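Heads up, protein-v5.txt below (compact mmCIF, C-alpha atoms):
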# COMPACT_ATOMS: atom_id res chain seq x y z
CA MET A 105 0.00 0.00 0.00
CA ASN A 106 1.43 3.37 -1.00
CA SER A 107 2.06 6.22 1.42
CA ALA A 108 -0.83 8.32 0.09
CA ALA A 109 -3.31 5.55 0.84
CA THR A 110 -1.78 4.90 4.25
CA ALA A 111 -2.16 8.53 5.21
CA THR A 112 -5.88 8.47 4.49
CA ILE A 113 -6.81 5.44 6.58
CA PRO A 114 -9.08 6.45 9.52
CA SER A 115 -7.57 6.69 12.99
CA VAL A 116 -7.95 3.31 14.67
CA ASN A 117 -7.41 4.82 18.10
CA ILE A 118 -10.38 7.11 17.66
CA LEU A 119 -12.65 4.38 16.38
CA GLY A 120 -11.39 1.70 18.70
CA GLU A 121 -11.77 -0.95 16.02
CA ASN A 122 -9.55 -3.60 14.47
CA SER A 123 -7.02 -1.86 12.23
CA LYS A 124 -7.00 -4.74 9.75
CA GLY A 125 -10.76 -4.48 9.25
CA VAL A 126 -10.53 -0.73 8.74
CA GLU A 127 -7.79 -1.13 6.15
CA VAL A 128 -9.70 -3.86 4.28
CA ILE A 129 -12.80 -1.69 3.94
CA PHE A 130 -10.82 1.42 3.06
CA GLN A 131 -8.91 -0.41 0.33
CA LEU A 132 -12.11 -1.96 -1.03
CA LEU A 133 -13.84 1.41 -1.31
CA SER A 134 -10.79 3.17 -2.73
CA ARG A 135 -10.25 0.45 -5.34
CA GLU A 136 -13.93 0.41 -6.40
CA PHE A 137 -14.04 4.20 -6.77
CA GLN A 138 -10.87 4.18 -8.89
CA GLN A 139 -12.25 1.43 -11.12
CA SER A 140 -15.79 2.83 -11.45
CA THR A 141 -15.19 6.59 -11.70
CA LYS A 142 -12.91 9.06 -13.45
CA ALA A 143 -11.97 10.74 -10.17
CA SER A 144 -8.33 11.19 -9.22
CA GLU A 145 -6.64 8.69 -6.92
CA GLN A 146 -6.51 11.22 -4.07
CA ASN A 147 -10.16 12.09 -4.53
CA CYS A 148 -11.06 8.40 -4.33
CA HIS A 149 -8.94 8.04 -1.18
CA ASP A 150 -10.64 11.02 0.47
CA VAL A 151 -14.17 9.78 -0.17
CA ALA A 152 -13.22 6.23 0.83
CA ARG A 153 -11.72 7.53 4.06
CA ARG A 154 -14.85 9.48 4.98
CA ILE A 155 -17.13 6.53 4.29
CA THR A 156 -14.90 4.15 6.24
CA THR A 157 -14.86 6.53 9.20
CA GLU A 158 -18.64 6.90 9.11
CA VAL A 159 -19.18 3.15 8.89
CA TYR A 160 -17.03 2.40 11.92
CA ARG A 161 -18.53 5.28 13.87
CA ILE A 162 -22.00 3.81 13.31
CA CYS A 163 -20.82 0.34 14.26
CA HIS A 164 -19.11 1.70 17.38
CA GLU A 165 -22.21 3.66 18.50
CA SER A 166 -24.82 1.03 17.69
CA LYS A 167 -25.66 -1.11 20.71
CA ARG A 168 -27.35 -3.63 18.45
CA ILE A 169 -24.26 -4.10 16.28
CA GLN A 170 -21.95 -4.23 19.29
CA ALA A 171 -24.14 -6.87 20.94
CA SER A 172 -24.33 -8.94 17.76
CA GLY A 173 -20.66 -9.92 17.95
CA SER A 174 -20.26 -9.40 14.20
CA VAL A 175 -18.99 -5.82 14.01
CA GLU A 176 -16.70 -6.45 11.03
CA SER A 177 -19.46 -8.12 9.03
CA SER A 178 -21.85 -5.25 9.77
CA ALA A 179 -19.18 -2.71 8.84
CA MET A 180 -18.59 -4.41 5.50
CA THR A 181 -22.34 -4.52 4.76
CA LEU A 182 -22.74 -0.83 5.55
CA ALA A 183 -19.67 0.07 3.50
CA ARG A 184 -20.93 -1.80 0.45
CA HIS A 185 -24.34 -0.14 0.75
CA ARG A 186 -22.79 3.33 0.86
CA LEU A 187 -20.48 2.43 -2.01
CA GLN A 188 -23.37 1.37 -4.24
CA GLN A 189 -25.45 4.40 -3.30
CA CYS A 190 -22.61 6.78 -4.08
CA LEU A 191 -21.81 5.07 -7.39
CA ARG A 192 -25.48 5.16 -8.35
CA TYR A 193 -25.56 8.94 -8.05
CA TYR A 194 -22.20 9.16 -9.85
CA GLN A 195 -23.55 7.15 -12.77
CA LEU A 196 -26.66 9.33 -12.94
CA GLY A 197 -24.49 12.45 -13.13
CA SER A 198 -25.04 15.85 -11.54
CA ASN A 199 -28.25 16.61 -13.44
CA ARG A 200 -30.09 13.31 -13.28
CA GLY A 201 -28.75 12.65 -9.80
CA ARG A 202 -30.30 15.90 -8.61
CA VAL A 203 -33.61 14.99 -10.24
CA GLU A 204 -33.58 11.58 -8.56
CA LEU A 205 -32.73 12.99 -5.12
CA HIS A 206 -35.26 15.80 -5.43
CA SER A 207 -37.98 13.40 -6.59
CA THR A 208 -37.28 10.91 -3.79
CA LEU A 209 -37.34 13.53 -1.03
CA SER A 210 -40.37 15.33 -2.53
CA ALA A 211 -42.39 12.11 -2.51
CA ILE A 212 -41.57 11.50 1.15
CA ILE A 213 -42.70 14.94 2.34
CA TYR A 214 -45.48 15.69 -0.15
CA ARG A 215 -48.42 15.07 2.17
CA TYR A 216 -46.73 16.76 5.12
CA ILE A 217 -46.32 20.13 3.37
CA ASN A 218 -49.63 21.71 4.29
CA PRO A 219 -49.40 25.18 5.87
CA PRO A 220 -52.16 25.97 8.40
CA GLN A 221 -55.27 27.85 7.25
CA LYS A 222 -54.32 27.42 3.60
CA GLN A 223 -55.84 25.26 0.91
CA LEU A 224 -52.86 24.82 -1.39
CA SER A 225 -53.26 23.99 -5.03
CA TYR A 226 -51.15 21.23 -6.55
CA GLN A 227 -48.69 23.80 -7.95
CA GLY A 228 -48.73 25.76 -4.70
CA ARG A 229 -47.65 22.72 -2.75
CA LEU A 230 -44.83 22.02 -5.20
CA THR A 231 -43.61 25.60 -4.71
CA ILE A 232 -43.51 25.15 -0.93
CA ILE A 233 -41.69 21.83 -1.35
CA GLU A 234 -39.07 23.48 -3.57
CA ASP A 235 -38.46 26.16 -0.98
CA PHE A 236 -38.25 23.67 1.88
CA LEU A 237 -35.81 21.40 0.07
CA GLN A 238 -33.47 24.31 -0.68
CA SER A 239 -33.13 24.91 3.05
CA PHE A 240 -32.89 21.17 3.72
CA TYR A 241 -30.00 20.79 1.25
CA LEU A 242 -28.15 23.48 3.19
CA GLU A 243 -28.87 21.70 6.50
CA ALA A 244 -27.61 18.43 5.00
CA LEU A 245 -24.45 20.12 3.77
CA ASN A 246 -23.76 21.49 7.25
CA ALA A 247 -24.43 18.06 8.77
CA PHE A 248 -22.07 16.49 6.23
CA ARG A 249 -19.32 18.94 7.19
CA ARG A 250 -19.90 18.40 10.90
CA GLU A 251 -20.02 14.61 10.83
CA ASN A 252 -16.95 14.35 8.61
CA GLN A 253 -15.03 17.03 10.55
CA LEU A 254 -14.71 19.23 7.47
CA GLY A 255 -14.23 22.98 7.47
CA ALA A 256 -17.10 25.45 7.31
CA THR A 257 -16.15 26.34 3.74
CA TYR A 258 -16.05 22.78 2.38
CA ARG A 259 -18.19 22.18 -0.68
CA PRO A 260 -18.36 19.36 -3.25
CA GLN A 261 -16.06 20.21 -6.15
CA THR A 262 -15.94 16.99 -8.16
CA LEU A 263 -18.67 14.70 -9.44
CA LEU A 264 -17.59 12.00 -6.98
CA GLU A 265 -17.80 14.43 -4.05
CA LEU A 266 -21.20 15.66 -5.26
CA SER A 267 -22.37 12.03 -5.48
CA GLU A 268 -21.10 11.42 -1.96
CA TYR A 269 -23.02 14.48 -0.75
CA MET A 270 -26.26 13.49 -2.52
CA ALA A 271 -26.09 9.96 -1.14
CA PHE A 272 -25.49 11.39 2.34
CA THR A 273 -28.43 13.80 1.93
CA GLU A 274 -30.79 10.95 1.05
CA ARG A 275 -29.68 8.94 4.09
CA TYR A 276 -29.78 12.02 6.30
CA GLY A 277 -33.37 12.74 5.33
CA LYS A 278 -34.42 9.14 5.97
CA ARG A 279 -32.86 8.94 9.43
CA ARG A 280 -35.38 7.74 11.97
CA ILE A 281 -35.85 9.95 14.99
CA PRO A 282 -37.27 8.20 18.09
CA LEU A 283 -40.50 9.77 19.34
CA PRO A 284 -42.85 8.59 22.11
CA GLY A 285 -44.28 5.32 20.90
CA ARG A 286 -42.95 5.58 17.35
CA GLN A 287 -40.17 6.66 15.03
CA GLN A 288 -40.33 9.34 12.35
CA GLN A 289 -38.01 10.26 9.51
CA LEU A 290 -35.99 13.40 10.06
CA ILE A 291 -37.03 15.08 6.82
CA ILE A 292 -40.71 14.61 7.69
CA LEU A 293 -40.21 16.29 11.05
CA ARG A 294 -38.38 19.15 9.36
CA ALA A 295 -41.12 19.47 6.72
CA GLN A 296 -43.87 19.56 9.34
CA THR A 297 -42.07 22.29 11.28
CA PHE A 298 -41.35 24.25 8.10
CA SER A 299 -44.98 23.96 7.02
CA GLN A 300 -46.31 25.17 10.36
CA GLN A 301 -44.00 28.19 10.32
CA GLN A 302 -45.28 29.48 6.96
CA PRO A 303 -47.31 32.69 7.48
CA PRO A 304 -50.92 32.00 6.39
CA GLU A 305 -51.15 35.29 4.50
CA THR A 306 -47.97 34.95 2.41
CA SER A 307 -46.65 32.49 -0.11
CA VAL A 308 -43.11 31.39 -0.69
CA ASP A 309 -41.37 32.91 -3.70
CA ILE A 310 -39.09 30.12 -4.91
CA GLU A 311 -37.64 32.32 -7.64
CA GLN A 312 -36.52 34.89 -5.07
CA ALA A 313 -35.05 32.13 -2.93
CA ALA A 314 -33.20 30.67 -5.90
CA GLU A 315 -31.78 34.02 -6.98
CA GLY A 316 -31.14 35.37 -3.48
CA SER A 317 -32.08 38.81 -2.17
CA ASN A 318 -30.58 41.68 -0.26
CA SER A 319 -32.73 41.20 2.83
CA GLU A 320 -31.07 40.21 6.07
CA ALA A 321 -33.39 37.23 6.41
CA ASP A 322 -32.03 35.72 3.20
CA GLY A 323 -28.40 35.96 4.27
CA CYS A 324 -27.94 32.21 4.38
CA TRP A 325 -28.41 32.05 0.61
CA GLU A 326 -25.38 34.26 0.08
CA GLU A 327 -22.96 31.71 1.53
CA PRO A 328 -20.39 30.84 -1.18
CA ALA A 329 -20.75 27.10 -0.56
CA VAL A 330 -24.48 27.30 -1.16
CA HIS A 331 -23.95 29.18 -4.43
CA GLN A 332 -21.44 26.53 -5.52
CA LEU A 333 -23.74 23.69 -4.51
CA ARG A 334 -26.75 25.20 -6.23
CA SER A 335 -24.81 25.85 -9.43
CA THR A 336 -23.47 22.29 -9.42
CA MET A 337 -26.92 20.79 -8.90
CA ALA A 338 -28.83 23.28 -11.11
CA THR A 339 -30.38 22.13 -14.35
CA GLN A 340 -30.39 25.32 -16.40
CA ALA A 341 -27.17 24.35 -18.19
CA GLU A 342 -28.75 21.21 -19.64
CA PRO A 343 -32.44 20.28 -19.86
CA GLU A 344 -33.75 17.59 -17.55
CA PRO A 345 -34.13 14.24 -19.32
CA GLU A 346 -37.78 13.78 -20.24
CA GLU A 347 -38.02 10.43 -18.44
CA ASP A 348 -36.92 12.02 -15.14
CA THR A 349 -39.32 14.92 -15.53
CA LEU A 350 -42.20 12.57 -16.25
CA ARG A 351 -41.28 10.35 -13.31
CA SER A 352 -41.41 13.33 -10.97
CA VAL A 353 -44.77 14.44 -12.37
CA VAL A 354 -46.23 10.93 -12.10
CA VAL A 355 -45.12 10.60 -8.47
CA THR A 356 -46.47 13.97 -7.38
CA GLU A 357 -49.73 13.60 -9.30
CA LEU A 358 -50.34 10.17 -7.81
CA MET A 359 -49.75 11.67 -4.36
CA ASN A 360 -52.20 14.44 -5.18
CA TYR A 361 -54.72 11.90 -6.49
CA LEU A 362 -54.55 9.92 -3.23
CA GLU A 363 -54.88 13.06 -1.10
CA GLU A 364 -57.93 14.25 -3.06
CA ARG A 365 -59.62 10.92 -2.34
CA GLN A 366 -58.72 11.12 1.35
CA GLN A 367 -56.41 8.11 1.07
CA SER A 368 -53.65 9.52 3.29
CA ASP A 369 -52.70 6.06 4.56
CA CYS A 370 -52.18 4.95 0.96
CA ALA A 371 -50.03 8.05 0.40
CA ASP A 372 -47.94 7.09 3.45
CA TYR A 373 -47.58 3.56 2.12
CA PHE A 374 -46.56 4.88 -1.30
CA SER A 375 -43.90 7.15 0.26
CA LEU A 376 -42.38 4.20 2.09
CA ARG A 377 -42.50 1.96 -0.99
CA LEU A 378 -40.56 4.61 -2.92
CA GLN A 379 -37.78 4.16 -0.36
CA ASP A 380 -37.56 0.39 -1.02
CA LEU A 381 -38.40 -0.45 2.59
CA SER A 382 -39.28 -4.03 3.44
CA ALA A 383 -42.78 -5.08 4.47
CA GLN A 384 -41.58 -5.46 8.07
CA GLU A 385 -40.12 -1.93 8.10
CA ILE A 386 -43.33 -0.48 6.68
CA GLU A 387 -45.38 -2.29 9.32
CA SER A 388 -43.10 -0.93 12.05
CA ILE A 389 -43.23 2.67 10.82
CA LEU A 390 -47.00 2.71 10.23
CA GLY A 391 -47.80 0.62 13.31
CA LEU A 392 -49.62 -2.09 11.34
CA THR A 393 -49.99 -5.82 11.70
CA PRO A 394 -49.00 -7.94 8.66
CA ARG A 395 -52.69 -8.42 7.86
CA GLN A 396 -53.42 -4.69 8.08
CA ARG A 397 -50.40 -3.90 5.91
CA ASP A 398 -51.55 -6.45 3.31
CA TYR A 399 -55.01 -4.88 3.24
CA LEU A 400 -53.49 -1.41 2.84
CA GLN A 401 -51.26 -2.70 0.04
CA GLN A 402 -54.25 -4.12 -1.83
CA ARG A 403 -56.18 -0.88 -1.41
CA PHE A 404 -53.22 1.11 -2.69
CA LYS A 405 -52.93 -1.17 -5.74
CA TYR A 406 -56.61 -0.57 -6.48
CA HIS A 407 -56.10 3.20 -6.48
CA LEU A 408 -52.82 2.86 -8.38
CA ILE A 409 -54.52 0.96 -11.19
CA ARG A 410 -57.40 3.45 -11.31
CA PHE A 411 -54.88 6.28 -11.54
CA ALA A 412 -52.78 4.57 -14.22
CA LEU A 413 -55.60 3.22 -16.41
CA LEU A 414 -58.29 5.84 -15.99
CA HIS A 415 -57.53 9.07 -14.13
CA ARG A 416 -54.13 9.92 -15.72
CA TRP A 417 -53.66 7.13 -18.22
CA GLU A 418 -52.09 9.38 -20.89
CA LEU A 419 -49.40 10.68 -18.52
CA VAL A 420 -48.57 7.23 -17.15
CA HIS A 421 -48.43 5.60 -20.57
CA GLU A 422 -46.24 8.40 -21.92
CA TRP A 423 -43.84 7.80 -19.00
CA LEU A 424 -43.87 4.03 -19.69
CA GLU A 425 -43.27 4.72 -23.41
CA ALA A 426 -46.53 2.91 -24.08
CA SER A 427 -48.65 5.65 -25.65
CA LEU A 428 -51.25 5.18 -28.35
CA HIS A 429 -48.68 6.32 -30.93
CA THR A 430 -46.53 3.29 -30.03
CA ASN A 431 -49.42 0.79 -29.93
CA LEU A 432 -49.52 0.87 -26.12
CA GLY A 433 -45.94 -0.38 -25.92
CA LEU A 434 -46.67 -3.71 -27.63
CA THR A 435 -44.57 -5.32 -30.34
CA PRO A 436 -46.19 -5.77 -33.80
CA GLN A 437 -46.81 -9.47 -33.09
CA GLN A 438 -48.29 -8.72 -29.67
CA TRP A 439 -50.41 -5.98 -31.15
CA GLN A 440 -51.98 -8.40 -33.63
CA VAL A 441 -52.78 -10.90 -30.88
CA TYR A 442 -54.05 -8.13 -28.62
CA THR A 443 -56.40 -6.48 -31.13
CA ALA A 444 -57.75 -9.88 -32.13
CA GLN A 445 -58.95 -10.35 -28.54
CA LEU A 446 -61.02 -7.16 -28.59
CA ASP A 447 -64.69 -7.13 -29.54
CA ASN A 448 -65.96 -4.86 -32.31
CA LYS A 449 -66.86 -1.92 -30.06
CA GLN A 450 -63.56 -2.11 -28.21
CA ARG A 451 -61.68 -2.17 -31.49
CA SER A 452 -63.65 0.81 -32.79
CA LEU A 453 -63.03 2.69 -29.54
CA LEU A 454 -59.31 2.02 -29.79
CA GLU A 455 -59.18 3.22 -33.40
CA LEU A 456 -61.07 6.43 -32.59
CA LYS A 457 -58.77 7.10 -29.65
CA GLN A 458 -55.74 6.64 -31.90
CA GLN A 459 -57.25 9.17 -34.30
CA GLY A 460 -57.27 11.69 -31.44
CA GLN A 461 -61.04 12.17 -31.28
CA ALA A 462 -62.57 13.64 -28.11
CA ASP A 463 -64.32 11.30 -25.70
CA GLU A 464 -67.66 13.09 -26.13
CA LYS A 465 -67.57 12.54 -29.89
CA ILE A 466 -66.46 8.91 -29.50
CA ALA A 467 -69.29 8.20 -27.05
CA LYS A 468 -71.83 9.68 -29.47
CA THR A 469 -70.38 7.74 -32.41
CA LEU A 470 -70.49 4.42 -30.54
CA GLY A 471 -73.79 5.09 -28.80
CA LEU A 472 -72.27 4.89 -25.31
CA SER A 473 -72.64 6.96 -22.19
CA MET A 474 -69.46 8.54 -20.80
CA ALA A 475 -69.47 6.03 -17.93
CA GLN A 476 -69.75 3.12 -20.39
CA LEU A 477 -66.97 4.56 -22.53
CA GLN A 478 -64.63 4.93 -19.54
CA LYS A 479 -65.39 1.40 -18.40
CA ARG A 480 -64.61 -0.05 -21.84
CA TRP A 481 -61.46 2.04 -22.20
CA PHE A 482 -60.25 0.92 -18.76
CA LYS A 483 -60.65 -2.71 -19.87
CA ILE A 484 -58.78 -2.07 -23.13
CA LEU A 485 -55.80 -0.53 -21.30
CA GLU A 486 -55.86 -3.24 -18.63
CA GLN A 487 -55.53 -5.99 -21.23
CA ALA A 488 -52.53 -4.25 -22.84
CA TRP A 489 -51.03 -3.62 -19.38
CA GLU A 490 -51.22 -7.32 -18.55
CA ILE A 491 -49.55 -8.31 -21.82
CA ARG A 492 -46.68 -5.85 -21.30
CA ASN A 493 -46.07 -6.89 -17.71
CA SER A 494 -46.24 -10.60 -18.42
CA LEU A 495 -43.61 -10.05 -21.11
CA VAL A 496 -41.26 -8.18 -18.76
CA SER A 497 -41.65 -10.00 -15.48
CA GLY A 498 -44.44 -12.50 -15.67
CA SER A 499 -46.30 -10.49 -13.04
CA GLY A 500 -49.37 -8.30 -12.93
CA ALA A 501 -49.90 -4.61 -12.67
CA SER A 502 -48.03 -4.28 -9.41
CA THR A 503 -44.75 -4.44 -11.30
CA HIS A 504 -44.92 -0.69 -11.84
CA GLU A 505 -45.92 0.07 -8.28

Encoded form (structure tokens):
Amino acid sequence: MNSAATATIPSVNILGENSKGVEVIFQLLSREFQQSTKASEQNCHDVARRITTEVYRICHESKRIQASGSVESSAMTLARHRLQQCLRYYQLGSNRGRVELHSTLSAIIYRYINPPQKQLSYQGRLTIIEDFLQSFYLEALNAFRRENQLGATYRPQTLLELSEYMAFTERYGKRRIPLPGRQQQLIILRAQTFSQQQPPETSVDIEQAAEGSNSEADGCWEEPAVHQLRSTMATQAEPEPEEDTLRSVVVTELMNYLEERQQSDCADYFSLRLQDLSAQEIESILGLTPRQRDYLQQRFKYHLIRFALLHRWELVHEWLEASLHTNLGLTPQQWQVYTAQLDNKQRSLLELKQQGQADEKIAKTLGLSMAQLQKRWFKILEQAWEIRNSLVSGSGASTHE
């Protein structure tokens, strides 16, 4: 091992852990970063050192891990998880990584952003979320500096460092804070506090927050590190990929759809599913029995299918690249089999839809009421949905949950 690598290995005396285990994890991370990124060797060493230090700090402070008797195994598992998360953001790049992080955090807090005495529109809530997340990114940056013993002026300067920061921000937001009788994610607590502090008579001007102002209250936005971070994560330089934009719209509109139908428990379930939590973790967070969680899951799937095949079918199918212009995402052979299964009225309805005719005109042409037309169209989309999903995974509609 060269001297540069040796100098970056975390202090064993501080961590109180086996020096061999520390070195193994540090070397693993450093090697993977050098092989999977274009970052310099020193940059890879620095990020590997910080992750190794964090991993052993967690293992040292966790009573559960200490009692398990398998500290080294736990440390390796944590290190690999952080490695993969960091590399995922690196592979997405600064633009798509920002979209992914922003979308993930927005989905978690969507239903908790609800200022008192205000009935926010869909766009109004998105504006509040944007403003909250700007302040949360700053909080996460300060936490990152503090926990890694970095200076007050530190800021991500390379793509690898930005990926490290974004991965940290996602984990930081998802941290579970113990409360009486339950646990809650840190970002949700912050969002609830932020929402309650919004003056009922004023709205948040996200453009002013993004550009900064001369008022004393906006002084935090003038910090050089925040300017650097915002410019690195901003999307003005290159347009957001359409698939990421559509994903964000689908997520927020589904949340809005559930809220409008007073399905807040389904919205909670959806937020947790977006975080890839296990069934047991979801049950623990929501305080449900396995049977109650299964019932909630089935109810959510019902609303998900209604949203995807009826309420916002055009948006969802555009996102899935399965629009009418692409024969609902079916191959030519599948399309022949599919259309052969439809009855005459279904086939006529499909053809009129592909021609772009309005529903009112289609209903009149086919002699159907609007309710009958919607019911038939739902069935048409459902059959195509089943064919697509059976092709990809052999499963039903829940594949896209």

Quick one: residues within 12 Å of Val441 in chain A, all atoms listed in the file counted, chain neighbours fewer than 5 positions away excluded, as number ranges by chain?
-> A: 434-436, 446, 487-488, 491

Print the selection's residues with C-alpha atoms to a file, as a PDB file, in the frame of the given file.
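What landed in result38.pdb:
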ATOM      1  CA  LEU A 434     -46.670  -3.710 -27.630  1.00  0.00           C
ATOM      2  CA  THR A 435     -44.570  -5.320 -30.340  1.00  0.00           C
ATOM      3  CA  PRO A 436     -46.190  -5.770 -33.800  1.00  0.00           C
ATOM      4  CA  LEU A 446     -61.020  -7.160 -28.590  1.00  0.00           C
ATOM      5  CA  GLN A 487     -55.530  -5.990 -21.230  1.00  0.00           C
ATOM      6  CA  ALA A 488     -52.530  -4.250 -22.840  1.00  0.00           C
ATOM      7  CA  ILE A 491     -49.550  -8.310 -21.820  1.00  0.00           C
TER       8      ILE A 491
END

Box along x, y and z, 5 Å on every side, all listed atoms of range 277-290 of chain A inside: centre and edge lengths in Å to one decimal, as lines of an AutoDock Vina configuration file.
center_x = -38.6
center_y = 9.4
center_z = 13.7
size_x = 21.4
size_y = 18.1
size_z = 26.8

For CA of Tyr214 in chain A and CA of His407 in chain A, quote the distance in Å rounded to one decimal.
-> 17.6 Å

With a distance cut-off of 8 Å and all atoms listed in the file, select the neighbouring residues of Ala183 in chain A, excluding the residue or stretch itself and same-chain residues fewer than 2 positions from it, and output the selection as a PyMOL selection string.
-> chain A and resi 129+133+155-156+159+179-181+185-187

Could you please determine the separation between CA of Ala247 in chain A and CA of Phe272 in chain A in Å, to one decimal place?
->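 Interatomic distance here is 9.3 Å.
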
Would you mind listing what lies within 10 Å of range 367-379 of chain A as a VMD selection string, with only C-alpha atoms counted and same-chain residues fewer than 4 positions away left out?
-> chain A and resid 207 to 216 274 278 355 358 to 363 383 385 to 387 389 to 390 397 400 to 405 407 to 408 505

May I have the residues within 9 Å of Gln195 in chain A as number ranges by chain, using all atoms listed in the file and disregarding those fewer than 6 positions away in the same chain?
-> A: 140-141, 201, 267

Would you mind reading off the distance between CA of Trp481 in chain A and CA of Thr356 in chain A, one decimal, in Å?
->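 These atoms are spaced 24.2 Å apart.
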
So which residues touch Ser388 in chain A within 9 Å, counting all atoms listed in the file, skipping near sequence neighbours fewer than 5 positions away, as a ChimeraX atom specification?
-> /A:286-287,383,393

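Nearest-residue note for Lys468 in chain A: choosing from A:Gln289, A:Phe240, A:Leu456, A:Phe130, the minimum distance belongs to A:Leu456, counting all atoms listed in the file.
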
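Distances to Ile409 in chain A were evaluated for A:Arg451, A:Asn431, A:Met474, A:Lys483 using all atoms listed in the file, and the minimum falls at A:Lys483.
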